[in-house]
>>> print(open('work-v2.cif').read())   # mmCIF, C-alpha atoms
data_run
loop_
_atom_site.label_atom_id
_atom_site.label_comp_id
_atom_site.auth_asym_id
_atom_site.auth_seq_id
_atom_site.Cartn_x
_atom_site.Cartn_y
_atom_site.Cartn_z
CA MET A 1 29.34 -3.05 32.28
CA ASP A 2 32.93 -2.98 33.56
CA ASN A 3 32.62 -1.70 37.12
CA HIS A 4 35.66 -3.29 38.74
CA SER A 5 38.23 -0.77 37.56
CA THR A 6 39.21 2.46 39.23
CA GLY A 7 37.68 4.47 36.45
CA VAL A 8 36.82 4.58 32.79
CA ILE A 9 37.75 6.64 29.78
CA LEU A 10 34.65 6.64 27.63
CA VAL A 11 35.03 6.79 23.84
CA PRO A 12 32.03 7.19 21.52
CA ILE A 13 32.62 5.09 18.40
CA ASP A 14 31.09 5.34 14.92
CA PHE A 15 33.65 3.13 13.14
CA THR A 16 35.24 6.01 11.21
CA ALA A 17 38.78 7.39 11.18
CA VAL A 18 37.50 10.27 13.30
CA THR A 19 36.71 8.11 16.31
CA ALA A 20 39.69 5.83 15.67
CA ASN A 21 41.95 8.85 16.16
CA ALA A 22 40.23 9.67 19.44
CA LEU A 23 40.55 6.07 20.59
CA THR A 24 44.32 6.23 20.06
CA VAL A 25 44.57 9.13 22.53
CA ALA A 26 42.22 7.42 24.98
CA ILE A 27 44.30 4.24 24.94
CA ARG A 28 47.48 6.15 25.78
CA LEU A 29 45.78 7.87 28.68
CA ALA A 30 44.32 4.60 29.93
CA GLN A 31 47.71 2.88 29.81
CA LEU A 32 49.29 5.59 31.90
CA LEU A 33 46.55 5.96 34.48
CA LYS A 34 45.74 2.25 34.76
CA LEU A 35 42.16 2.97 33.75
CA SER A 36 39.95 0.97 31.46
CA VAL A 37 38.44 2.05 28.17
CA HIS A 38 34.75 1.74 27.46
CA LEU A 39 33.51 2.01 23.89
CA VAL A 40 29.96 3.08 23.15
CA HIS A 41 28.21 2.99 19.80
CA VAL A 42 24.79 4.59 19.53
CA LEU A 43 22.51 3.54 16.70
CA GLU A 44 20.15 6.41 15.97
CA PRO A 45 16.73 5.26 14.73
CA GLU A 46 16.15 8.46 12.76
CA LEU A 47 19.26 7.85 10.67
CA ILE A 48 18.20 4.39 9.56
CA SER A 49 16.99 4.14 5.98
CA SER A 50 14.19 1.60 6.26
CA GLY A 51 11.91 2.63 3.47
CA LEU A 52 9.35 3.71 6.04
CA PRO A 53 8.13 7.33 6.25
CA GLY A 54 9.36 9.42 9.15
CA ARG A 55 11.47 8.31 12.08
CA VAL A 56 11.97 4.65 12.88
CA ALA A 57 10.94 3.86 16.44
CA SER A 58 13.57 2.29 18.67
CA ASP A 59 11.63 -0.95 18.94
CA ASN A 60 11.41 -1.16 15.15
CA VAL A 61 15.15 -1.05 14.48
CA PRO A 62 16.07 -4.19 12.53
CA ALA A 63 17.70 -6.77 14.77
CA SER A 64 20.32 -7.41 12.10
CA LEU A 65 21.61 -3.84 12.42
CA ILE A 66 21.85 -4.11 16.19
CA GLN A 67 23.67 -7.44 15.92
CA GLU A 68 26.08 -6.08 13.29
CA GLY A 69 26.92 -3.02 15.38
CA THR A 70 27.36 -5.09 18.53
CA GLU A 71 29.70 -7.53 16.83
CA ARG A 72 31.83 -4.77 15.31
CA LEU A 73 32.07 -3.01 18.66
CA GLN A 74 33.01 -6.18 20.51
CA ALA A 75 35.67 -6.93 17.90
CA LEU A 76 37.15 -3.46 18.34
CA ALA A 77 37.17 -3.88 22.13
CA MET A 78 38.94 -7.23 21.81
CA GLN A 79 41.45 -5.73 19.40
CA THR A 80 42.16 -2.93 21.87
CA VAL A 81 42.83 -5.44 24.64
CA GLN A 82 45.07 -7.65 22.55
CA GLN A 83 47.12 -4.93 20.85
CA HIS A 84 47.46 -2.45 23.71
CA GLN A 85 46.99 -4.50 26.91
CA VAL A 86 44.25 -2.15 28.06
CA ALA A 87 41.07 -3.37 29.72
CA CYS A 88 38.28 -2.53 27.31
CA SER A 89 34.55 -3.10 27.39
CA ALA A 90 31.75 -1.91 25.15
CA SER A 91 28.10 -0.94 25.02
CA HIS A 92 25.84 -0.86 21.98
CA ARG A 93 22.83 1.41 22.41
CA VAL A 94 19.82 2.49 20.37
CA GLY A 95 18.62 6.03 20.91
CA GLU A 96 19.74 9.64 21.03
CA PRO A 97 23.57 9.90 21.19
CA VAL A 98 24.00 12.56 23.88
CA GLU A 99 21.47 10.96 26.19
CA GLU A 100 22.87 7.46 25.75
CA ILE A 101 26.54 8.49 26.04
CA ALA A 102 25.85 10.51 29.19
CA PHE A 103 23.92 7.55 30.66
CA ILE A 104 26.77 5.12 29.94
CA GLY A 105 29.18 7.64 31.45
CA ARG A 106 27.30 7.56 34.72
CA GLU A 107 26.98 3.77 34.68
CA THR A 108 30.68 3.10 34.06
CA ASN A 109 32.34 5.47 36.55
CA THR A 110 33.65 7.58 33.67
CA ARG A 111 36.46 10.02 34.47
CA LEU A 112 36.86 11.50 31.01
CA ILE A 113 35.02 11.37 27.69
CA VAL A 114 37.33 11.41 24.67
CA MET A 115 35.39 12.23 21.54
CA GLY A 116 36.53 12.51 17.96
CA VAL A 117 35.35 15.54 16.02
CA ARG A 118 35.78 16.67 12.43
CA PRO A 119 36.77 20.31 11.83
CA GLY A 120 34.72 21.99 9.14
CA SER A 121 31.26 23.29 8.36
CA ASN A 122 29.66 20.35 6.55
CA LEU A 123 26.68 18.50 7.96
CA LEU A 124 28.65 15.62 9.49
CA ALA A 125 31.14 17.93 11.17
CA HIS A 126 28.30 20.07 12.53
CA ARG A 127 26.57 16.99 13.93
CA GLN A 128 29.70 15.72 15.70
CA ASN A 129 30.48 19.15 17.12
CA THR A 130 26.90 19.47 18.35
CA ILE A 131 27.08 16.13 20.16
CA ALA A 132 30.40 17.13 21.75
CA TYR A 133 29.02 20.47 22.90
CA GLN A 134 25.87 18.89 24.34
CA LEU A 135 28.02 16.36 26.19
CA VAL A 136 30.03 19.19 27.75
CA LYS A 137 26.75 20.60 29.01
CA THR A 138 25.20 17.38 30.31
CA ALA A 139 27.85 14.74 31.06
CA ASP A 140 29.21 14.18 34.57
CA SER A 141 32.83 14.28 33.43
CA PRO A 142 35.08 16.55 31.37
CA VAL A 143 35.12 16.16 27.61
CA LEU A 144 38.29 16.03 25.52
CA THR A 145 37.61 16.58 21.82
CA ILE A 146 40.16 15.23 19.33
CA PRO A 147 40.13 16.60 15.76
CA ALA A 148 40.65 13.99 13.07
CA ASP A 149 42.77 16.02 10.68
CA ARG A 150 46.07 15.04 12.33
CA VAL A 151 47.67 12.74 14.90
CA TRP A 152 48.23 14.12 18.40
CA PRO A 153 51.17 12.20 19.89
CA SER A 154 51.66 14.56 22.82
CA PHE A 155 50.43 17.75 24.43
CA ARG A 156 53.47 19.98 24.80
CA ARG A 157 52.23 23.47 23.90
CA ILE A 158 49.23 24.15 26.09
CA LEU A 159 47.04 27.24 26.02
CA PHE A 160 45.21 27.98 29.26
CA PRO A 161 42.71 30.84 28.85
CA VAL A 162 41.44 32.59 31.96
CA ARG A 163 38.34 34.77 31.93
CA PRO A 164 36.60 36.55 34.83
CA VAL A 165 33.79 34.02 35.04
CA PRO A 166 32.59 31.88 37.98
CA GLY A 167 34.82 28.86 38.56
CA ALA A 168 37.45 30.05 36.09
CA LEU A 169 40.29 28.34 37.96
CA ASP A 170 38.46 25.14 38.87
CA LYS A 171 39.84 23.56 35.71
CA TYR A 172 43.41 23.88 36.99
CA GLU A 173 43.21 21.14 39.59
CA PHE A 174 41.80 18.68 37.09
CA SER A 175 44.18 19.58 34.29
CA ARG A 176 47.37 20.19 36.28
CA SER A 177 48.84 16.80 35.39
CA PHE A 178 48.59 17.73 31.72
CA ILE A 179 50.98 20.60 32.33
CA ARG A 180 53.31 19.30 35.09
CA ASP A 181 56.14 18.36 32.78
CA SER A 182 59.53 19.95 32.21
CA GLN A 183 59.02 20.00 28.45
CA THR A 184 55.61 21.62 28.51
CA GLU A 185 55.21 25.15 27.20
CA LEU A 186 52.30 26.66 29.09
CA THR A 187 50.74 29.94 28.09
CA VAL A 188 48.14 31.55 30.33
CA LEU A 189 45.94 33.85 28.27
CA ALA A 190 44.14 36.40 30.44
CA LEU A 191 41.13 37.82 28.59
CA PHE A 192 39.20 40.88 29.64
CA ASN A 193 36.73 43.33 28.20
CA PRO A 194 38.51 46.70 27.78
CA ASP A 195 35.37 48.55 28.87
CA GLU A 196 34.94 46.75 32.19
CA ILE A 197 37.09 47.86 35.11
CA ILE A 198 35.46 45.41 37.55
CA SER A 199 36.10 42.39 35.35
CA ARG A 200 39.75 43.42 34.92
CA GLN A 201 40.17 43.62 38.69
CA GLN A 202 38.59 40.17 39.09
CA LEU A 203 40.87 38.83 36.40
CA ASN A 204 43.95 40.22 38.14
CA ASP A 205 42.91 38.42 41.33
CA GLU A 206 42.43 35.16 39.44
CA ILE A 207 45.81 35.44 37.72
CA ALA A 208 47.52 36.17 41.04
CA LEU A 209 45.97 33.02 42.52
CA LEU A 210 46.94 30.97 39.46
CA ASP A 211 50.51 32.32 39.72
CA GLU A 212 50.70 30.89 43.23
CA LYS A 213 49.46 27.50 42.10
CA LEU A 214 51.87 27.35 39.18
CA ALA A 215 54.78 28.40 41.35
CA GLN A 216 53.94 25.74 43.94
CA ASP A 217 53.89 23.09 41.22
CA GLY A 218 57.13 24.34 39.70
CA ILE A 219 55.55 24.94 36.29
CA ARG A 220 57.23 27.26 33.82
CA TYR A 221 54.79 29.51 32.03
CA GLN A 222 54.13 32.86 30.47
CA THR A 223 51.10 35.07 30.99
CA LEU A 224 49.64 37.20 28.23
CA PHE A 225 46.91 39.77 28.77
CA GLN A 226 44.55 40.50 25.91
CA ALA A 227 41.71 42.98 25.75
CA THR A 228 38.93 41.76 23.50
CA GLU A 229 35.19 41.67 23.11
CA LEU A 230 35.39 38.37 21.21
CA ALA A 231 36.72 35.81 23.64
CA ALA A 232 36.41 32.67 21.50
CA GLU A 233 38.00 34.30 18.48
CA ALA A 234 40.86 35.61 20.60
CA VAL A 235 41.52 32.17 22.11
CA LEU A 236 41.45 30.34 18.80
CA GLY A 237 43.63 32.99 17.18
CA LYS A 238 46.22 32.74 19.95
CA ALA A 239 46.16 28.94 19.74
CA THR A 240 47.02 29.19 16.05
CA ALA A 241 49.74 31.78 16.64
CA LEU A 242 51.38 29.61 19.32
CA ASP A 243 50.85 26.37 17.38
CA ALA A 244 49.27 24.98 20.54
CA ASP A 245 48.39 21.29 20.67
CA LEU A 246 45.99 21.45 23.62
CA LEU A 247 43.46 24.05 24.69
CA ILE A 248 42.03 23.81 28.22
CA ILE A 249 38.86 25.82 28.73
CA THR A 250 36.37 26.46 31.47
CA ALA A 251 32.97 25.55 30.08
CA ALA A 252 31.19 28.43 31.80
CA LEU A 253 27.82 27.74 30.28
CA ASN A 254 25.61 29.87 32.51
CA THR A 255 27.03 33.27 33.33
CA THR A 256 25.29 36.41 34.49
CA SER A 257 27.89 39.00 33.65
CA THR A 258 27.74 41.38 30.72
CA ASN A 259 27.39 40.44 27.06
CA PHE A 260 31.10 39.71 26.72
CA PHE A 261 30.71 36.64 28.89
CA VAL A 262 27.12 35.70 28.12
CA GLY A 263 28.05 34.73 24.56
CA PRO A 264 28.41 31.03 23.64
CA PHE A 265 32.16 30.86 24.27
CA THR A 266 32.30 27.09 24.77
CA ARG A 267 30.21 26.36 21.71
CA GLN A 268 32.26 28.63 19.48
CA VAL A 269 35.53 27.06 20.61
CA ILE A 270 34.36 23.47 20.17
CA TYR A 271 32.81 24.13 16.78
CA ASN A 272 35.84 25.94 15.38
CA ALA A 273 38.92 24.50 17.08
CA HIS A 274 41.50 22.65 15.00
CA LEU A 275 43.28 21.33 18.09
CA PRO A 276 42.25 19.14 21.03
CA VAL A 277 40.05 20.93 23.54
CA LEU A 278 39.65 19.82 27.14
CA ALA A 279 36.39 21.37 28.36
CA ILE A 280 35.85 21.31 32.10
CA ARG A 281 32.54 22.41 33.58
CA PRO A 282 33.24 23.86 37.03
CA GLU A 283 29.85 23.13 38.53
CA SER A 284 30.11 19.38 37.86
CA THR A 285 31.55 16.93 40.35
CA LEU A 286 32.29 13.23 40.47
CA PRO A 287 31.99 11.16 43.64
CA THR A 288 35.12 10.73 45.70
CA THR A 289 36.60 7.23 45.65
CA THR A 290 39.20 5.46 47.74
CA ASP A 291 40.79 3.71 44.77
CA ARG A 292 44.51 3.88 44.09
CA VAL A 293 44.04 6.20 41.12
CA ALA A 294 42.00 9.11 42.43
CA TRP A 295 40.91 10.96 39.31
CA ARG A 296 38.06 13.23 40.19
CA TYR A 297 36.42 16.10 38.41
CA GLY A 298 38.63 18.84 39.77
CA GLN A 299 41.67 16.77 40.74
CA ILE A 300 44.00 14.20 39.22
CA ASP A 301 46.39 12.61 41.71
CA THR A 302 48.70 11.00 39.17
CA GLY A 303 50.86 12.45 36.39
CA LEU A 304 50.58 12.24 32.64
CA SER A 305 54.14 13.23 31.80
CA ALA A 306 55.41 9.78 30.99
CA LEU A 307 53.68 9.80 27.62
CA GLY A 308 54.19 13.47 26.95
CA LEU A 309 50.64 14.33 27.99
#
>>> encode(input="work-v2.cif", output="structure tokens")
Amino acid sequence: MDNHSTGVILVPIDFTAVTANALTVAIRLAQLLKLSVHLVHVLEPELISSGLPGRVASDNVPASLIQEGTERLQALAMQTVQQHQVACSASHRVGEPVEEIAFIGRETNTRLIVMGVRPGSNLLAHRQNTIAYQLVKTADSPVLTIPADRVWPSFRRILFPVRPVPGALDKYEFSRSFIRDSQTELTVLALFNPDEIISRQQLNDEIALLDEKLAQDGIRYQTLFQATELAAEAVLGKATALDADLLIITAALNTTSTNFFVGPFTRQVIYNAHLPVLAIRPESTLPTTTDRVAWRYGQIDTGLSALGL
């Protein structure tokens, strides 16, 4: 494990173009923030075709497969170091992907998980989206999903939905460096249920507080209010209409409000988005460090504007 750096950007790898695209974004972030990259490949026993009935136990995985995966991962890590001058380490694991990735995240002082996903409804896309969603729920750091259907050189048009849910504005402190750039077009999308007066009042208070934060940071933005009973659909539709290249959401996974907010908003967005999604779970925290780059869940102390991020 690489524990000497100030923090790690963790990238799950399956040796496909999908994860290669995500690695490209992770490398650019690591270069800017002086962080290291840690690659993790998880070999799932149940996906191994061994000729044996049922699931293959972890201790029965052929050693040749483990060696092959380890060598490929180490080669990719070395290539990353040589071509991009980024510190890069790797872990090869056997087990369940979400559990293993989350474990590596805790072991490597991970600040952000960057995961490639494949838009669509086929089995492989569903599996990748499911892993991403489960990581949002369980990992100790935010998750940035990167669709593989195009290259994302910069994040200039950012959509920032706000809903009257607990911790709705917690994501701002973490994501503010993504939007503190003179060329960024930020759109705040305020969503409310037209039948709920209380939620609209709460939303107005949240938007007023966000206005203060944006004004203090000198960020140019527009705010749009939208009444809807289908939050995820409204967000994804607005992202398409604005041709947004980054969507920053609060992963409010456990809410106690009415049905409008109890629905699986985060899951619907991750499964259906055709743009990068930064999902920040407000109840999660990372330990405070005294390192030069203080990137904590809830606060980034350095900017991302130099690379258009």
>>> closest_atom_pairs(input="work-v2.cif", of="range 194-213 of chain A", to="range 149-162 of chain A", cutoff="9 Å", atoms="all atoms listed in the file", output="Markdown table")
| residue | atom | partner | partner_atom | distance |
| --- | --- | --- | --- | --- |
| A:Leu203 | CA | A:Val162 | CA | 7.7 |
| A:Glu206 | CA | A:Val162 | CA | 8.0 |
| A:Ile207 | CA | A:Val162 | CA | 7.8 |
>>> residues_around(input="work-v2.cif", residues="range 27-35 of chain A", least_positions_apart="2", cutoff="7 Å", atoms="only C-alpha atoms", output="MDAnalysis selection string")
chainID A and resid 5:9 23:25 37 86 304
>>> closest_residue(input="work-v2.cif", among="A:Arg93, A:Arg176, A:Arg200, A:Arg118", to="Thr130 in chain A", atoms="all atoms listed in the file")
A:Arg118
>>> closest_residue(input="work-v2.cif", among="A:Arg111, A:Arg180, A:Ala87, A:Val117", to="Gln216 in chain A", atoms="only C-alpha atoms")
A:Arg180
>>> atom_distance(input="work-v2.cif", atom1="CA of Pro194 in chain A", atom2="CA of Tyr133 in chain A")
28.3 Å
>>> resolve_selection(input="work-v2.cif", expression="the PyMOL selection byres ((chain A and resi 120) around 10)", output="PyMOL selection string")
chain A and resi 117-119+121-126+129+271-274
>>> residues_around(input="work-v2.cif", residues="Leu191 in chain A", least_positions_apart="2", cutoff="12 Å", atoms="all atoms listed in the file", output="NGL selection string")
:A and (160-165 or 168 or 188-189 or 193-194 or 196 or 199-204 or 206-207 or 223-235 or 238 or 260-261)
>>> resolve_selection(input="work-v2.cif", expression="the PyMOL selection byres ((chain A and resi 107) around 12)", output="list in words")
Met1, Asp2, Asn3, His4, Gly7, Val8, Leu10, His38, Val40, Ser91, Glu100, Ile101, Ala102, Phe103, Ile104, Gly105, Arg106, Thr108, Asn109, Thr110, Arg111, Ala139 and Asp140 of chain A
>>> resolve_selection(input="work-v2.cif", expression="the PyMOL selection byres ((chain A and resi 247) around 7)", output="list in words")
Ile158, Leu159, Phe160, Asp245, Leu246, Ile248, Ile249, Pro276, Val277 and Leu278 of chain A
>>> residues_near_point(input="work-v2.cif", point="(55.4, 22.9, 38.7)", cutoff="10 Å", atoms="all atoms listed in the file", output="PyMOL selection string")
chain A and resi 176-177+179-182+213-221
>>> atom_distance(input="work-v2.cif", atom1="CA of Ile131 in chain A", atom2="CA of Gly116 in chain A")
10.4 Å
>>> atom_distance(input="work-v2.cif", atom1="CA of Pro282 in chain A", atom2="CA of Ala132 in chain A")
16.9 Å
>>> axis_aligned_box(input="work-v2.cif", around="range 32-47 of chain A", padding_each_side="4 Å", output="lines of an AutoDock Vina configuration file")
center_x = 32.7
center_y = 4.7
center_z = 22.7
size_x = 41.1
size_y = 15.5
size_z = 32.1
>>> closest_residue(input="work-v2.cif", among="A:Phe192, A:Asp243, A:Ala251, A:His41", to="Gln268 in chain A", atoms="all atoms listed in the file")
A:Ala251
>>> closest_residue(input="work-v2.cif", among="A:Thr80, A:Ala190, A:His92, A:Val18", to="Glu68 in chain A", atoms="all atoms listed in the file")
A:His92
>>> build_atoms(input="work-v2.cif", residues="range 68-88 of chain A", atoms="N, CA, C and O atoms", output="CSV table (one decimal), in the coordinates of the input")
chain,number,residue,atom,x,y,z
A,68,GLU,N,24.9,-6.5,14.0
A,68,GLU,CA,26.1,-6.1,13.3
A,68,GLU,C,26.9,-5.1,14.1
A,68,GLU,O,28.1,-5.2,14.2
A,69,GLY,N,26.2,-4.0,14.6
A,69,GLY,CA,26.9,-3.0,15.4
A,69,GLY,C,27.6,-3.6,16.6
A,69,GLY,O,28.7,-3.2,17.0
A,70,THR,N,26.8,-4.5,17.3
A,70,THR,CA,27.4,-5.1,18.5
A,70,THR,C,28.6,-5.9,18.2
A,70,THR,O,29.6,-5.8,19.0
A,71,GLU,N,28.6,-6.7,17.2
A,71,GLU,CA,29.7,-7.5,16.8
A,71,GLU,C,30.9,-6.7,16.4
A,71,GLU,O,32.1,-7.0,16.8
A,72,ARG,N,30.7,-5.6,15.7
A,72,ARG,CA,31.8,-4.8,15.3
A,72,ARG,C,32.4,-4.1,16.5
A,72,ARG,O,33.7,-4.0,16.7
A,73,LEU,N,31.6,-3.7,17.5
A,73,LEU,CA,32.1,-3.0,18.7
A,73,LEU,C,32.8,-4.0,19.5
A,73,LEU,O,33.9,-3.6,20.1
A,74,GLN,N,32.3,-5.2,19.7
A,74,GLN,CA,33.0,-6.2,20.5
A,74,GLN,C,34.4,-6.6,19.9
A,74,GLN,O,35.3,-6.8,20.6
A,75,ALA,N,34.4,-6.6,18.6
A,75,ALA,CA,35.7,-6.9,17.9
A,75,ALA,C,36.7,-5.8,18.1
A,75,ALA,O,37.9,-6.1,18.3
A,76,LEU,N,36.2,-4.6,18.1
A,76,LEU,CA,37.2,-3.5,18.3
A,76,LEU,C,37.6,-3.5,19.8
A,76,LEU,O,38.8,-3.2,20.1
A,77,ALA,N,36.8,-3.8,20.7
A,77,ALA,CA,37.2,-3.9,22.1
A,77,ALA,C,38.2,-5.0,22.3
A,77,ALA,O,39.2,-4.8,23.0
A,78,MET,N,38.0,-6.1,21.7
A,78,MET,CA,38.9,-7.2,21.8
A,78,MET,C,40.3,-6.9,21.2
A,78,MET,O,41.3,-7.2,21.7
A,79,GLN,N,40.2,-6.2,20.1
A,79,GLN,CA,41.4,-5.7,19.4
A,79,GLN,C,42.2,-4.8,20.3
A,79,GLN,O,43.5,-4.8,20.4
A,80,THR,N,41.5,-3.9,21.0
A,80,THR,CA,42.2,-2.9,21.9
A,80,THR,C,42.9,-3.7,23.0
A,80,THR,O,44.0,-3.3,23.4
A,81,VAL,N,42.2,-4.7,23.6
A,81,VAL,CA,42.8,-5.4,24.6
A,81,VAL,C,44.1,-6.2,24.2
A,81,VAL,O,45.1,-6.1,24.8
A,82,GLN,N,44.0,-6.8,23.0
A,82,GLN,CA,45.1,-7.6,22.6
A,82,GLN,C,46.3,-6.8,22.1
A,82,GLN,O,47.4,-7.2,22.3
A,83,GLN,N,46.0,-5.7,21.4
A,83,GLN,CA,47.1,-4.9,20.8
A,83,GLN,C,47.7,-4.0,21.8
A,83,GLN,O,48.9,-3.6,21.7
A,84,HIS,N,47.0,-3.5,22.8
A,84,HIS,CA,47.5,-2.4,23.7
A,84,HIS,C,47.5,-2.8,25.2
A,84,HIS,O,47.8,-2.0,26.0
A,85,GLN,N,47.0,-4.1,25.5
A,85,GLN,CA,47.0,-4.5,26.9
A,85,GLN,C,46.2,-3.5,27.8
A,85,GLN,O,46.7,-3.2,28.9
A,86,VAL,N,45.1,-3.1,27.3
A,86,VAL,CA,44.2,-2.2,28.1
A,86,VAL,C,42.9,-2.8,28.3
A,86,VAL,O,42.3,-3.4,27.3
A,87,ALA,N,42.4,-2.8,29.5
A,87,ALA,CA,41.1,-3.4,29.7
A,87,ALA,C,40.1,-2.6,28.9
A,87,ALA,O,40.0,-1.3,29.0
A,88,CYS,N,39.2,-3.2,28.2
A,88,CYS,CA,38.3,-2.5,27.3
A,88,CYS,C,37.0,-3.3,27.3
A,88,CYS,O,36.9,-4.5,27.0
